[in-house]
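**Q** PDB, C-alpha atoms, saved as work-v5.pdb, coming up:
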```pdb
ATOM      1  CA  MET H   1      94.538  87.635 100.154
ATOM      2  CA  LYS H   2      91.341  86.680 101.935
ATOM      3  CA  GLY H   3      88.036  88.234 100.937
ATOM      4  CA  ARG H   4      85.831  88.474  97.862
ATOM      5  CA  VAL H   5      87.195  89.716  94.533
ATOM      6  CA  VAL H   6      85.063  90.483  91.477
ATOM      7  CA  VAL H   7      86.852  90.684  88.133
ATOM      8  CA  LEU H   8      85.047  92.504  85.331
ATOM      9  CA  GLY H   9      86.220  91.179  81.989
ATOM     10  CA  GLY H  10      87.222  87.983  83.742
ATOM     11  CA  SER H  11      87.364  85.880  80.570
ATOM     12  CA  GLY H  12      89.859  88.170  78.826
ATOM     13  CA  VAL H  13      93.644  87.977  78.475
ATOM     14  CA  LEU H  14      94.377  89.853  81.691
ATOM     15  CA  GLY H  15      91.136  89.185  83.501
ATOM     16  CA  SER H  16      91.384  85.399  83.331
ATOM     17  CA  ARG H  17      94.863  85.493  84.853
ATOM     18  CA  VAL H  18      93.766  87.980  87.511
ATOM     19  CA  CYS H  19      91.045  85.505  88.525
ATOM     20  CA  ALA H  20      93.529  82.659  88.834
ATOM     21  CA  ARG H  21      96.038  84.722  90.792
ATOM     22  CA  PHE H  22      93.547  85.951  93.384
ATOM     23  CA  ALA H  23      92.126  82.452  93.752
ATOM     24  CA  ALA H  24      95.654  81.141  94.382
ATOM     25  CA  ALA H  25      96.089  83.862  97.013
ATOM     26  CA  GLY H  26      93.041  82.582  98.907
ATOM     27  CA  SER H  27      90.332  84.929  97.618
ATOM     28  CA  SER H  28      86.786  84.020  96.683
ATOM     29  CA  VAL H  29      86.609  85.138  93.050
ATOM     30  CA  LEU H  30      83.724  85.975  90.739
ATOM     31  CA  SER H  31      84.496  86.398  87.037
ATOM     32  CA  VAL H  32      82.049  88.696  85.249
ATOM     33  CA  SER H  33      82.039  88.618  81.450
ATOM     34  CA  ARG H  34      79.666  88.869  78.533
ATOM     35  CA  SER H  35      79.647  85.102  78.003
ATOM     36  CA  GLY H  36      80.167  83.943  81.568
ATOM     37  CA  ALA H  37      82.817  81.596  80.190
ATOM     38  CA  ARG H  38      85.007  79.614  82.552
ATOM     39  CA  ALA H  39      88.692  78.941  81.893
ATOM     40  CA  PRO H  40      89.395  75.193  82.195
ATOM     41  CA  TRP H  41      92.506  75.851  84.274
ATOM     42  CA  TRP H  42      90.725  77.858  86.981
ATOM     43  CA  PRO H  43      90.365  76.354  90.461
ATOM     44  CA  ASP H  44      86.931  75.662  91.891
ATOM     45  CA  SER H  45      87.082  78.848  93.983
ATOM     46  CA  VAL H  46      86.434  80.921  90.839
ATOM     47  CA  ASP H  47      82.746  81.407  90.082
ATOM     48  CA  THR H  48      81.352  82.983  86.917
ATOM     49  CA  THR H  49      78.389  85.048  85.833
ATOM     50  CA  ALA H  50      77.322  86.466  82.473
ATOM     51  CA  LEU H  51      76.713  90.210  82.340
ATOM     52  CA  GLU H  52      76.861  92.622  79.419
ATOM     53  CA  LEU H  53      78.393  95.690  81.048
ATOM     54  CA  THR H  54      77.355  97.991  78.202
ATOM     55  CA  ALA H  55      73.674  97.151  78.770
ATOM     56  CA  GLY H  56      73.496  99.467  81.786
ATOM     57  CA  ASP H  57      71.719  96.943  84.022
ATOM     58  CA  MET H  58      72.565  98.516  87.381
ATOM     59  CA  GLY H  59      70.539  95.958  89.309
ATOM     60  CA  ARG H  60      72.503  93.003  87.944
ATOM     61  CA  LEU H  61      75.783  94.853  88.423
ATOM     62  CA  ARG H  62      74.851  95.586  92.034
ATOM     63  CA  ARG H  63      74.106  91.913  92.652
ATOM     64  CA  ALA H  64      77.373  90.850  91.033
ATOM     65  CA  LEU H  65      79.363  93.222  93.233
ATOM     66  CA  ALA H  66      77.522  92.371  96.451
ATOM     67  CA  GLY H  67      79.982  91.642  99.244
ATOM     68  CA  ALA H  68      83.050  92.462  97.133
ATOM     69  CA  ASP H  69      86.146  93.728  98.889
ATOM     70  CA  VAL H  70      87.944  94.421  95.598
ATOM     71  CA  VAL H  71      86.664  94.966  92.061
ATOM     72  CA  VAL H  72      89.239  94.641  89.285
ATOM     73  CA  ASN H  73      88.008  96.278  86.105
ATOM     74  CA  ALA H  74      89.786  94.487  83.274
ATOM     75  CA  ALA H  75      86.875  94.921  80.844
ATOM     76  CA  ALA H  76      87.968  96.601  77.634
ATOM     77  CA  VAL H  77      87.602  96.428  73.887
ATOM     78  CA  VAL H  78      90.556  96.352  71.563
ATOM     79  CA  TRP H  79      91.619  98.084  68.391
ATOM     80  CA  ARG H  80      89.462  98.295  65.281
ATOM     81  CA  THR H  81      86.156  98.493  67.075
ATOM     82  CA  THR H  82      83.619 101.311  67.119
ATOM     83  CA  ASP H  83      83.838 104.536  69.078
ATOM     84  CA  GLN H  84      80.324 103.814  70.315
ATOM     85  CA  LEU H  85      81.384 100.541  71.938
ATOM     86  CA  MET H  86      84.508 102.087  73.457
ATOM     87  CA  ARG H  87      82.425 104.908  74.883
ATOM     88  CA  ALA H  88      79.922 102.475  76.378
ATOM     89  CA  LEU H  89      82.498 100.175  77.992
ATOM     90  CA  HIS H  90      85.368 102.517  78.884
ATOM     91  CA  MET H  91      83.293 105.526  79.925
ATOM     92  CA  THR H  92      79.629 104.905  80.769
ATOM     93  CA  ALA H  93      80.238 101.483  82.344
ATOM     94  CA  VAL H  94      83.037 102.905  84.527
ATOM     95  CA  ASP H  95      80.708 105.638  85.809
ATOM     96  CA  GLN H  96      78.169 102.949  86.680
ATOM     97  CA  LEU H  97      80.827 100.821  88.372
ATOM     98  CA  ILE H  98      81.834 103.765  90.554
ATOM     99  CA  ASP H  99      78.233 104.371  91.587
ATOM    100  CA  VAL H 100      77.706 100.742  92.589
ATOM    101  CA  ALA H 101      81.121 100.040  94.141
ATOM    102  CA  GLY H 102      81.018 103.262  96.129
ATOM    103  CA  GLY H 103      77.766 102.249  97.723
ATOM    104  CA  GLN H 104      79.191  98.847  98.680
ATOM    105  CA  GLY H 105      82.610  99.914  99.971
ATOM    106  CA  ALA H 106      84.683  97.919  97.476
ATOM    107  CA  ARG H 107      88.118  99.019  96.267
ATOM    108  CA  ILE H 108      88.341  99.509  92.503
ATOM    109  CA  VAL H 109      91.516  98.510  90.688
ATOM    110  CA  GLN H 110      91.050 100.004  87.240
ATOM    111  CA  ILE H 111      93.202  98.557  84.455
ATOM    112  CA  GLY H 112      94.152 101.543  82.335
ATOM    113  CA  SER H 113      96.347 101.834  79.278
ATOM    114  CA  SER H 114      99.581 103.565  78.369
ATOM    115  CA  TYR H 115      97.715 104.805  75.276
ATOM    116  CA  GLU H 116      95.966 107.258  77.575
ATOM    117  CA  TYR H 117      99.141 109.291  77.111
ATOM    118  CA  GLY H 118      99.871 111.340  74.044
ATOM    119  CA  PRO H 119     103.081 111.295  71.992
ATOM    120  CA  ALA H 120     106.208 112.084  74.018
ATOM    121  CA  PRO H 121     109.560 113.387  72.753
ATOM    122  CA  PHE H 122     111.972 110.657  71.705
ATOM    123  CA  GLY H 123     114.018 109.414  74.653
ATOM    124  CA  VAL H 124     111.686 110.815  77.337
ATOM    125  CA  SER H 125     110.060 108.567  79.959
ATOM    126  CA  THR H 126     106.388 109.362  80.508
ATOM    127  CA  LYS H 127     105.329 110.027  84.093
ATOM    128  CA  GLU H 128     101.825 109.694  85.482
ATOM    129  CA  ASP H 129     101.229 113.458  85.578
ATOM    130  CA  ASP H 130     101.834 113.831  81.827
ATOM    131  CA  ARG H 131      98.940 115.784  80.302
ATOM    132  CA  ARG H 132      99.575 115.336  76.578
ATOM    133  CA  PRO H 133      96.237 114.417  74.939
ATOM    134  CA  PRO H 134      95.856 110.850  73.652
ATOM    135  CA  ALA H 135      96.354 110.213  69.948
ATOM    136  CA  SER H 136      93.286 107.965  69.483
ATOM    137  CA  PHE H 137      89.730 107.643  70.721
ATOM    138  CA  TYR H 138      90.748 104.404  72.419
ATOM    139  CA  GLY H 139      93.168 106.456  74.545
ATOM    140  CA  VAL H 140      90.579 109.185  75.107
ATOM    141  CA  SER H 141      87.961 106.706  76.302
ATOM    142  CA  LYS H 142      90.372 104.862  78.611
ATOM    143  CA  ARG H 143      91.619 108.150  80.040
ATOM    144  CA  TYR H 144      88.051 109.151  80.831
ATOM    145  CA  GLY H 145      87.714 106.020  82.968
ATOM    146  CA  THR H 146      90.977 106.781  84.755
ATOM    147  CA  GLU H 147      89.928 110.331  85.561
ATOM    148  CA  ALA H 148      86.489 109.186  86.716
ATOM    149  CA  VAL H 149      88.061 106.781  89.226
ATOM    150  CA  GLN H 150      90.532 109.438  90.382
ATOM    151  CA  ARG H 151      87.785 112.011  90.840
ATOM    152  CA  ALA H 152      85.597 109.602  92.806
ATOM    153  CA  ALA H 153      88.551 108.721  95.047
ATOM    154  CA  ARG H 154      89.328 112.399  95.707
ATOM    155  CA  GLU H 155      85.690 112.933  96.649
ATOM    156  CA  ARG H 156      85.898 109.849  98.897
ATOM    157  CA  ARG H 157      83.094 108.104  97.054
ATOM    158  CA  VAL H 158      85.309 105.071  96.402
ATOM    159  CA  GLN H 159      88.716 103.643  97.121
ATOM    160  CA  GLY H 160      90.208 103.536  93.654
ATOM    161  CA  VAL H 161      93.585 103.033  92.015
ATOM    162  CA  VAL H 162      94.445 102.965  88.313
ATOM    163  CA  LEU H 163      97.223 100.905  86.747
ATOM    164  CA  ARG H 164      98.281 102.302  83.380
ATOM    165  CA  VAL H 165      99.637  99.226  81.649
ATOM    166  CA  ALA H 166     102.183  99.258  78.815
ATOM    167  CA  ASN H 167     102.154  96.853  75.879
ATOM    168  CA  VAL H 168     101.865  93.275  77.128
ATOM    169  CA  SER H 169     103.979  90.288  76.142
ATOM    170  CA  GLY H 170     104.403  86.802  77.582
ATOM    171  CA  PRO H 171     102.160  83.708  77.568
ATOM    172  CA  GLY H 172      98.604  84.736  76.936
ATOM    173  CA  ALA H 173      99.379  88.004  75.142
ATOM    174  CA  GLY H 174      96.330  88.749  73.026
ATOM    175  CA  SER H 175      96.314  87.703  69.390
ATOM    176  CA  ASN H 176      95.381  91.288  68.512
ATOM    177  CA  SER H 177      98.667  92.537  69.983
ATOM    178  CA  LEU H 178     101.846  92.631  67.901
ATOM    179  CA  PRO H 179     103.713  90.004  69.991
ATOM    180  CA  GLY H 180     100.693  87.709  70.123
ATOM    181  CA  MET H 181      99.931  88.038  66.411
ATOM    182  CA  VAL H 182     103.536  87.404  65.347
ATOM    183  CA  ALA H 183     103.976  84.473  67.754
ATOM    184  CA  ARG H 184     100.756  82.882  66.507
ATOM    185  CA  GLN H 185     101.931  83.090  62.893
ATOM    186  CA  LEU H 186     105.374  81.726  63.756
ATOM    187  CA  ALA H 187     103.810  78.823  65.673
ATOM    188  CA  ALA H 188     101.959  77.967  62.477
ATOM    189  CA  GLY H 189     105.209  78.100  60.473
ATOM    190  CA  THR H 190     104.211  81.165  58.437
ATOM    191  CA  ALA H 191     107.016  82.096  56.056
ATOM    192  CA  HIS H 192     105.943  85.698  55.363
ATOM    193  CA  LEU H 193     104.845  87.934  58.229
ATOM    194  CA  ARG H 194     102.647  90.636  56.708
ATOM    195  CA  LEU H 195     102.616  93.474  59.229
ATOM    196  CA  SER H 196     101.949  97.173  59.568
ATOM    197  CA  PRO H 197     105.067  99.341  59.198
ATOM    198  CA  LEU H 198     107.406  98.592  62.119
ATOM    199  CA  THR H 199     108.567 102.140  62.736
ATOM    200  CA  VAL H 200     107.721 102.829  66.379
ATOM    201  CA  TRP H 201     109.343 102.206  69.770
ATOM    202  CA  ARG H 202     107.317 100.680  72.597
ATOM    203  CA  ASP H 203     107.580  99.671  76.253
ATOM    204  CA  TYR H 204     106.743  95.997  76.918
ATOM    205  CA  VAL H 205     105.869  94.235  80.167
ATOM    206  CA  ASP H 206     105.174  90.554  80.803
ATOM    207  CA  VAL H 207     101.549  89.670  81.525
ATOM    208  CA  ARG H 208     102.614  87.871  84.732
ATOM    209  CA  ASP H 209     104.278  91.031  86.018
ATOM    210  CA  VAL H 210     101.058  92.926  85.337
ATOM    211  CA  ILE H 211      99.125  90.402  87.437
ATOM    212  CA  ASP H 212     101.650  90.861  90.256
ATOM    213  CA  ALA H 213     100.966  94.605  90.104
ATOM    214  CA  VAL H 214      97.191  94.091  90.254
ATOM    215  CA  LEU H 215      97.525  92.004  93.405
ATOM    216  CA  ALA H 216      99.840  94.598  94.944
ATOM    217  CA  ALA H 217      97.383  97.410  94.145
ATOM    218  CA  ALA H 218      94.517  95.453  95.680
ATOM    219  CA  THR H 219      96.346  94.836  98.952
ATOM    220  CA  ALA H 220      98.340  98.065  99.442
ATOM    221  CA  PRO H 221      97.178 100.443 102.211
ATOM    222  CA  ALA H 222      94.354 102.616 100.913
ATOM    223  CA  ALA H 223      96.085 105.735 102.207
ATOM    224  CA  ASP H 224      99.013 104.992  99.878
ATOM    225  CA  VAL H 225      97.208 104.185  96.652
ATOM    226  CA  SER H 226      93.626 105.481  96.589
ATOM    227  CA  GLY H 227      93.328 108.160  93.918
ATOM    228  CA  GLN H 228      96.683 107.269  92.372
ATOM    229  CA  VAL H 229      97.561 106.485  88.773
ATOM    230  CA  ILE H 230     100.504 104.078  88.583
ATOM    231  CA  ASN H 231     102.460 103.149  85.466
ATOM    232  CA  ILE H 232     103.092  99.436  84.956
ATOM    233  CA  GLY H 233     105.654  98.756  82.252
ATOM    234  CA  GLY H 234     109.099  97.475  81.500
ATOM    235  CA  GLY H 235     110.594 100.930  81.950
ATOM    236  CA  ALA H 236     112.482 100.731  78.649
ATOM    237  CA  ALA H 237     111.487 101.199  75.021
ATOM    238  CA  LEU H 238     112.674  99.148  72.091
ATOM    239  CA  PRO H 239     111.952  99.300  68.363
ATOM    240  CA  VAL H 240     109.028  97.021  67.545
ATOM    241  CA  ARG H 241     110.985  95.694  64.570
ATOM    242  CA  GLU H 242     113.596  94.439  67.021
ATOM    243  CA  LEU H 243     110.810  92.735  68.984
ATOM    244  CA  VAL H 244     109.671  90.932  65.828
ATOM    245  CA  ASP H 245     113.252  90.025  64.905
ATOM    246  CA  ARG H 246     113.750  88.488  68.359
ATOM    247  CA  LEU H 247     110.579  86.425  68.024
ATOM    248  CA  ILE H 248     111.694  85.122  64.638
ATOM    249  CA  GLU H 249     115.131  84.216  65.990
ATOM    250  CA  LEU H 250     113.718  82.466  69.044
ATOM    251  CA  SER H 251     111.173  80.547  66.970
ATOM    252  CA  GLY H 252     113.727  79.092  64.557
ATOM    253  CA  VAL H 253     111.267  79.734  61.706
ATOM    254  CA  PRO H 254     112.963  81.289  58.632
ATOM    255  CA  ALA H 255     110.248  83.901  58.319
ATOM    256  CA  ARG H 256     110.521  87.090  56.322
ATOM    257  CA  ILE H 257     108.994  90.396  57.436
ATOM    258  CA  VAL H 258     106.789  92.091  54.858
ATOM    259  CA  GLU H 259     105.813  95.596  55.941
ATOM    260  CA  MET H 260     102.538  96.574  54.284
ATOM    261  CA  ALA H 261     102.675 100.256  53.398
ATOM    262  CA  ASP H 262      98.891 100.431  52.995
ATOM    263  CA  ARG H 263      98.295  99.365  56.601
ATOM    264  CA  PRO H 264      98.191 101.954  59.384
ATOM    265  CA  VAL H 265     101.025 102.241  61.870
ATOM    266  CA  LEU H 266     100.069 100.426  65.088
ATOM    267  CA  GLU H 267      99.365 103.682  66.930
ATOM    268  CA  PRO H 268     100.350 107.231  65.890
ATOM    269  CA  MET H 269     103.053 107.616  68.543
ATOM    270  CA  PRO H 270     106.651 107.178  67.383
ATOM    271  CA  TRP H 271     107.992 106.592  70.900
ATOM    272  CA  GLN H 272     106.745 105.520  74.295
ATOM    273  CA  GLN H 273     108.606 104.567  77.451
ATOM    274  CA  LEU H 274     107.010 104.613  80.889
ATOM    275  CA  ASP H 275     108.528 105.935  84.089
ATOM    276  CA  ILE H 276     107.777 103.173  86.616
ATOM    277  CA  CYS H 277     109.242 104.734  89.775
ATOM    278  CA  ARG H 278     105.829 105.290  91.365
ATOM    279  CA  ALA H 279     105.038 101.567  91.127
ATOM    280  CA  ARG H 280     108.245 100.822  93.017
ATOM    281  CA  ASP H 281     107.562 103.470  95.660
ATOM    282  CA  LEU H 282     103.859 102.761  96.291
ATOM    283  CA  LEU H 283     103.514  99.070  95.472
ATOM    284  CA  GLY H 284     107.013  97.719  95.953
ATOM    285  CA  TRP H 285     106.646  96.473  92.378
ATOM    286  CA  ARG H 286     109.091  96.205  89.544
ATOM    287  CA  PRO H 287     109.122  93.937  86.476
ATOM    288  CA  SER H 288     110.833  90.629  87.199
ATOM    289  CA  ARG H 289     110.665  88.864  83.813
ATOM    290  CA  GLN H 290     113.251  89.599  81.149
ATOM    291  CA  LEU H 291     111.979  90.219  77.631
ATOM    292  CA  HIS H 292     113.876  87.183  76.321
ATOM    293  CA  ASP H 293     112.046  84.901  78.762
ATOM    294  CA  SER H 294     108.738  86.626  78.114
ATOM    295  CA  LEU H 295     108.999  86.088  74.349
ATOM    296  CA  THR H 296     110.241  82.515  74.766
ATOM    297  CA  ASP H 297     107.264  81.657  76.961
ATOM    298  CA  LEU H 298     104.895  83.416  74.555
ATOM    299  CA  LEU H 299     106.145  81.308  71.660
ATOM    300  CA  ALA H 300     105.851  78.127  73.713
ATOM    301  CA  ALA H 301     102.255  78.972  74.636
ATOM    302  CA  GLN H 302     101.369  79.693  71.006
ATOM    303  CA  ARG H 303     102.940  76.430  69.858
ATOM    304  CA  ARG H 304     100.869  74.490  72.402
ATOM    305  CA  ALA H 305      97.727  76.274  71.258
ATOM    306  CA  HIS H 306      98.522  75.572  67.603
ATOM    307  CA  GLU H 307      99.212  71.889  68.274
ATOM    308  CA  LYS H 308      95.998  71.577  70.258
ATOM    309  CA  GLY H 309      94.043  73.219  67.443
ATOM    310  CA  ALA H 310      95.637  70.987  64.817
ATOM    311  CA  ALA H 311      94.799  67.893  66.830
ATOM    312  CA  ALA H 312      91.169  68.876  67.360
TER
END
```
Reformat the file's structure so that it appears as structure tokens.
**A**
Amino acid sequence: MKGRVVVLGGSGVLGSRVCARFAAAGSSVLSVSRSGARAPWWPDSVDTTALELTAGDMGRLRRALAGADVVVNAAAVVWRTTDQLMRALHMTAVDQLIDVAGGQGARIVQIGSSYEYGPAPFGVSTKEDDRRPPASFYGVSKRYGTEAVQRAARERRVQGVVLRVANVSGPGAGSNSLPGMVARQLAAGTAHLRLSPLTVWRDYVDVRDVIDAVLAAATAPAADVSGQVINIGGGAALPVRELVDRLIELSGVPARIVEMADRPVLEPMPWQQLDICRARDLLGWRPSRQLHDSLTDLLAAQRRAHEKGAAA
């Protein structure tokens, strides 16, 4: 893809891989993050700039987005942070992004979250028009950003598409996520995995499949995708305990699961499975990595990181 791409949250788990993928596709890429950090594996065609998106500096944001054909908003905060920070980054900063990007003609690809949905009945796949309210403020704040982009697209103030992403696995899965946290402990040879109760079912998708979807959303005809919310997931739920069991088996570490009753359940939704038909119809996208391969590659990446850290 030729043209200029700006990635907000470019130093994060998804954002850093979005930068690399667009650069490999021939784009000129600018990574925007709080630190302005540069991944050592990025090609020279990725530039960086430091910008605190919650500071509300519209002038600096306007300069960062100057000449952009696509803006990928991968900036987000994770669990166990403050409502104030989530509001600033997932709500206020998205409104500011819309104002600036709309004036410059850039397409917004907003990275949303499956936690924007509320609890669904067991066995039911959640479609994009589901209106159940989110179960956490994280979901509420992310849903606000989704609806802001949709509204701006309907009013023709921006071209905008939202990808609601399921739980992510694969190499580079964040250490705050269940797969990333478990894989990191197994890479270190931890014998007892102390975890929150493993009682829920979740939909998992490989991080590399997510990046494929971002590229597809950025290049699809505007008439097909602008104003759309598109689920990006594996399309199947599994018990998270089974996910942990698979990681243990693949690692070869004789680890024991210790469920800590005093810790909160990961998210107060017993079941979630995404309907991914719209992604197939509008983007020609479907997940291509099997969970077995995704977990195997995640473990390999965590082992390399552990060995590198031990050697430092």
**Q** Compile the contact shell of range 91-106 of chain H as a PyMOL selection string: residues with an atom at most 6 Å away, counting only C-alpha atoms, same-chain residues fewer than 5 positions apart removed.
**A** chain H and resi 62+68-70+145+157-158
**Q** Show me the residues around (106.9, 82.1, 58.6) - criterion: an atom at most 10 Å away, all atoms listed in the file counted - as a PyMOL selection string.
**A** chain H and resi 182-183+185-194+248+251-257
**Q** Within 12 Å of range 273-293 of chain H, which residues of range 118-229 of chain H show up? Give each one with its shortest atom-to-atom distance in Å (one decimal) and the two atoms involved, counting all atoms listed in the file, rows by chain then rising residue number, as CSV.
**A**
```
residue,atom,partner,partner_atom,distance
H:Gly118,CA,H:Gln273,CA,11.6
H:Pro119,CA,H:Gln273,CA,10.3
H:Ala120,CA,H:Gln273,CA,8.6
H:Pro121,CA,H:Gln273,CA,10.0
H:Phe122,CA,H:Gln273,CA,9.0
H:Gly123,CA,H:Gln273,CA,7.8
H:Val124,CA,H:Gln273,CA,7.0
H:Ser125,CA,H:Gln273,CA,4.9
H:Thr126,CA,H:Leu274,CA,4.8
H:Lys127,CA,H:Asp275,CA,5.2
H:Glu128,CA,H:Asp275,CA,7.8
H:Asp129,CA,H:Asp275,CA,10.6
H:Asp130,CA,H:Asp275,CA,10.6
H:Val161,CA,H:Leu282,CA,11.1
H:Val162,CA,H:Ala279,CA,11.0
H:Leu163,CA,H:Ala279,CA,9.0
H:Arg164,CA,H:Leu274,CA,9.4
H:Val165,CA,H:Leu274,CA,9.2
H:Ala166,CA,H:Leu274,CA,7.5
H:Asn167,CA,H:Gln273,CA,10.2
H:Val168,CA,H:Leu291,CA,10.6
H:Ser169,CA,H:Leu291,CA,8.1
H:Gly170,CA,H:Asp293,CA,8.0
H:Pro171,CA,H:Asp293,CA,10.0
H:Pro179,CA,H:Leu291,CA,11.3
H:Val200,CA,H:Gln273,CA,11.2
H:Trp201,CA,H:Gln273,CA,8.1
H:Arg202,CA,H:Gln273,CA,6.4
H:Asp203,CA,H:Gln273,CA,5.1
H:Tyr204,CA,H:Leu291,CA,7.8
H:Val205,CA,H:Pro287,CA,7.1
H:Asp206,CA,H:Arg289,CA,6.5
H:Val207,CA,H:Arg289,CA,9.4
H:Arg208,CA,H:Arg289,CA,8.2
H:Asp209,CA,H:Pro287,CA,5.7
H:Val210,CA,H:Pro287,CA,8.2
H:Ile211,CA,H:Pro287,CA,10.6
H:Asp212,CA,H:Trp285,CA,7.8
H:Ala213,CA,H:Trp285,CA,6.4
H:Val214,CA,H:Leu283,CA,9.6
H:Leu215,CA,H:Leu283,CA,9.5
H:Ala216,CA,H:Leu283,CA,5.8
H:Ala217,CA,H:Leu283,CA,6.5
H:Ala218,CA,H:Leu283,CA,9.7
H:Thr219,CA,H:Leu283,CA,9.0
H:Ala220,CA,H:Leu283,CA,6.6
H:Pro221,CA,H:Leu282,CA,9.2
H:Ala222,CA,H:Leu282,CA,10.6
H:Ala223,CA,H:Leu282,CA,10.2
H:Asp224,CA,H:Leu282,CA,6.4
H:Val225,CA,H:Leu282,CA,6.8
H:Ser226,CA,H:Leu282,CA,10.6
H:Gln228,CA,H:Leu282,CA,9.3
H:Val229,CA,H:Arg278,CA,8.7
```
**Q** Can you work out which one of H:Pro134, H:Gly172, H:Val72, H:Leu243 has the shortest atom-to-atom distance to Gly160 in chain H, counting all atoms listed in the file?
**A**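 Counting all atoms listed in the file, the residue closest to Gly160 in chain H is H:Val72.
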**Q** Contacts of Gly139 in chain H at 12 Å or less, counting all atoms listed in the file, minus same-chain residues fewer than 4 places along, as JSON, numbers by chain?
**A** {"H": [76, 77, 78, 79, 83, 86, 87, 90, 91, 112, 113, 114, 115, 116, 117, 118, 119, 132, 133, 134, 135, 143, 144, 145, 146, 164, 267, 268, 269]}
**Q** Find, counting all atoms listed in the file, the residue in H:Arg4, H:Arg80, H:Arg263, H:Lys308 that gets nearest to Ser177 in chain H.
**A**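 Ranked by minimum distance to Ser177 in chain H, first place goes to H:Arg80.
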**Q** With distances taken over all atoms listed in the file, which residue among H:Val46, H:Val258, H:Leu85, H:Met58 lies nearest Cys19 in chain H?
**A**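 Smallest separation from Cys19 in chain H among the options: H:Val46.
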**Q** Take the PyMOL selection byres ((chain H and resi 32) around 9), apply it to the structure above, and return the hits as a short mmCIF file (atom, residue, chain, number, x, y, z; two decimals) with C-alpha atoms, in the frame of the given file.
**A**
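Below is the file result_32.cif, written as the result:
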```cif
data_model
loop_
_atom_site.label_atom_id
_atom_site.label_comp_id
_atom_site.auth_asym_id
_atom_site.auth_seq_id
_atom_site.Cartn_x
_atom_site.Cartn_y
_atom_site.Cartn_z
CA VAL H 6 85.06 90.48 91.48
CA VAL H 7 86.85 90.68 88.13
CA LEU H 8 85.05 92.50 85.33
CA GLY H 9 86.22 91.18 81.99
CA GLY H 10 87.22 87.98 83.74
CA SER H 11 87.36 85.88 80.57
CA LEU H 30 83.72 85.98 90.74
CA SER H 31 84.50 86.40 87.04
CA SER H 33 82.04 88.62 81.45
CA ARG H 34 79.67 88.87 78.53
CA SER H 35 79.65 85.10 78.00
CA GLY H 36 80.17 83.94 81.57
CA ALA H 37 82.82 81.60 80.19
CA ASP H 47 82.75 81.41 90.08
CA THR H 48 81.35 82.98 86.92
CA THR H 49 78.39 85.05 85.83
CA ALA H 50 77.32 86.47 82.47
CA LEU H 51 76.71 90.21 82.34
CA GLU H 52 76.86 92.62 79.42
CA LEU H 53 78.39 95.69 81.05
CA ALA H 64 77.37 90.85 91.03
#
```
**Q** Measure the distance from CA of Leu238 in chain H to CA of Gly12 in chain H in Å and round it to one decimal.
**A**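 Spanning CA of Leu238 in chain H to CA of Gly12 in chain H is a straight-line distance of 26.2 Å.
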**Q** If I take CA of Leu89 in chain H and CA of Thr54 in chain H, how far is one from the other in Å, to one decimal?
**A**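 A separation of 5.6 Å between them.
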